[in-house]
Amino acid sequence: MSENTRFYAQKMEQQRVARRVDRPLRPQLEEILEVVRDCEARWALENRMNRRLGLA
């Protein structure tokens with residue numbers, strides 16, 4: 001077995017940290033996508049309610 005295997009966990013953690021540093025806008029993107037998902041869910045509920053009430 002290669003001696004490099006003992007450094008695997010450390011290297012993987014370094015890569016995770018580097019990815020977070022390289023992608024500073026990711027949390028903002030996730031927040032925007034969460035708002036979009038929330039809006040879509042509300043629109044779907046509104047459409048179901050309108051259909052039941054005969055408004056659509």
# chains A, B, ... in the order shown; residues from 1 in each chain; ligands from 1
>>> select_by_dssp(residues="chain A", states="alpha helix (DSSP H)", output="ChimeraX atom specification")
/A:8-22,26-53
>>> atom_distance(atom1="atom CA of Ala44 of chain A", atom2="atom CA of Ile32 of chain A")
18.5 Å
>>> decode(residues="segment 22-48 of chain A", atoms="N, CA, C and O atoms", output="short mmCIF file (atom, residue, chain, number, x, y, z; two decimals), in the first residue's frame")
data_model
loop_
_atom_site.label_atom_id
_atom_site.label_comp_id
_atom_site.auth_asym_id
_atom_site.auth_seq_id
_atom_site.Cartn_x
_atom_site.Cartn_y
_atom_site.Cartn_z
N ASP A 22 -12.98 29.12 -3.04
CA ASP A 22 -13.09 29.44 -4.46
C ASP A 22 -14.51 29.78 -4.89
O ASP A 22 -14.72 30.31 -5.96
N ARG A 23 -15.49 29.44 -4.06
CA ARG A 23 -16.89 29.67 -4.42
C ARG A 23 -17.59 30.54 -3.38
O ARG A 23 -18.55 30.12 -2.73
N PRO A 24 -17.18 31.79 -3.23
CA PRO A 24 -17.76 32.63 -2.19
C PRO A 24 -19.23 32.98 -2.44
O PRO A 24 -19.93 33.35 -1.51
N LEU A 25 -19.69 32.85 -3.66
CA LEU A 25 -21.07 33.22 -3.98
C LEU A 25 -22.05 32.05 -3.81
O LEU A 25 -23.25 32.24 -3.93
N ARG A 26 -21.56 30.88 -3.53
CA ARG A 26 -22.44 29.71 -3.43
C ARG A 26 -23.54 29.88 -2.38
O ARG A 26 -24.70 29.57 -2.66
N PRO A 27 -23.24 30.39 -1.18
CA PRO A 27 -24.33 30.57 -0.20
C PRO A 27 -25.41 31.52 -0.71
O PRO A 27 -26.61 31.29 -0.47
N GLN A 28 -25.02 32.55 -1.44
CA GLN A 28 -26.00 33.47 -2.00
C GLN A 28 -26.86 32.78 -3.06
O GLN A 28 -28.07 32.96 -3.11
N LEU A 29 -26.23 31.97 -3.89
CA LEU A 29 -26.96 31.23 -4.91
C LEU A 29 -27.94 30.27 -4.25
O LEU A 29 -29.10 30.16 -4.67
N GLU A 30 -27.52 29.58 -3.21
CA GLU A 30 -28.41 28.65 -2.52
C GLU A 30 -29.59 29.38 -1.91
O GLU A 30 -30.73 28.88 -1.93
N GLU A 31 -29.36 30.57 -1.37
CA GLU A 31 -30.45 31.37 -0.80
C GLU A 31 -31.44 31.78 -1.88
O GLU A 31 -32.66 31.69 -1.69
N ILE A 32 -30.94 32.20 -3.03
CA ILE A 32 -31.81 32.59 -4.14
C ILE A 32 -32.63 31.39 -4.61
O ILE A 32 -33.85 31.51 -4.84
N LEU A 33 -32.00 30.25 -4.74
CA LEU A 33 -32.72 29.06 -5.18
C LEU A 33 -33.77 28.63 -4.17
O LEU A 33 -34.85 28.15 -4.54
N GLU A 34 -33.51 28.81 -2.89
CA GLU A 34 -34.50 28.50 -1.87
C GLU A 34 -35.71 29.42 -2.00
O GLU A 34 -36.85 28.97 -1.85
N VAL A 35 -35.49 30.68 -2.28
CA VAL A 35 -36.60 31.62 -2.50
C VAL A 35 -37.42 31.19 -3.71
O VAL A 35 -38.66 31.18 -3.67
N VAL A 36 -36.75 30.79 -4.78
CA VAL A 36 -37.45 30.33 -5.98
C VAL A 36 -38.29 29.10 -5.66
O VAL A 36 -39.46 29.01 -6.06
N ARG A 37 -37.72 28.13 -4.93
CA ARG A 37 -38.48 26.94 -4.55
C ARG A 37 -39.70 27.29 -3.72
O ARG A 37 -40.79 26.74 -3.90
N ASP A 38 -39.54 28.24 -2.79
CA ASP A 38 -40.64 28.67 -1.94
C ASP A 38 -41.75 29.31 -2.79
O ASP A 38 -42.93 29.01 -2.61
N CYS A 39 -41.36 30.16 -3.72
CA CYS A 39 -42.34 30.81 -4.59
C CYS A 39 -43.08 29.78 -5.44
O CYS A 39 -44.31 29.86 -5.58
N GLU A 40 -42.36 28.84 -6.01
CA GLU A 40 -43.00 27.81 -6.82
C GLU A 40 -43.99 26.99 -6.00
O GLU A 40 -45.07 26.65 -6.49
N ALA A 41 -43.64 26.69 -4.77
CA ALA A 41 -44.53 25.92 -3.90
C ALA A 41 -45.79 26.74 -3.60
O ALA A 41 -46.91 26.20 -3.61
N ARG A 42 -45.62 28.02 -3.34
CA ARG A 42 -46.78 28.88 -3.08
C ARG A 42 -47.68 29.00 -4.30
O ARG A 42 -48.90 28.98 -4.20
N TRP A 43 -47.07 29.14 -5.49
CA TRP A 43 -47.85 29.24 -6.72
C TRP A 43 -48.62 27.96 -6.97
O TRP A 43 -49.78 27.99 -7.39
N ALA A 44 -48.02 26.82 -6.73
CA ALA A 44 -48.69 25.53 -6.91
C ALA A 44 -49.88 25.43 -5.96
O ALA A 44 -50.97 25.00 -6.35
N LEU A 45 -49.70 25.84 -4.71
CA LEU A 45 -50.79 25.82 -3.74
C LEU A 45 -51.90 26.76 -4.17
O LEU A 45 -53.08 26.40 -4.13
N GLU A 46 -51.54 27.94 -4.60
CA GLU A 46 -52.52 28.92 -5.06
C GLU A 46 -53.31 28.37 -6.26
O GLU A 46 -54.55 28.52 -6.32
N ASN A 47 -52.63 27.71 -7.19
CA ASN A 47 -53.30 27.14 -8.35
C ASN A 47 -54.28 26.05 -7.94
O ASN A 47 -55.39 25.97 -8.47
N ARG A 48 -53.87 25.18 -7.00
CA ARG A 48 -54.78 24.13 -6.51
C ARG A 48 -56.01 24.73 -5.84
O ARG A 48 -57.14 24.27 -6.06
#
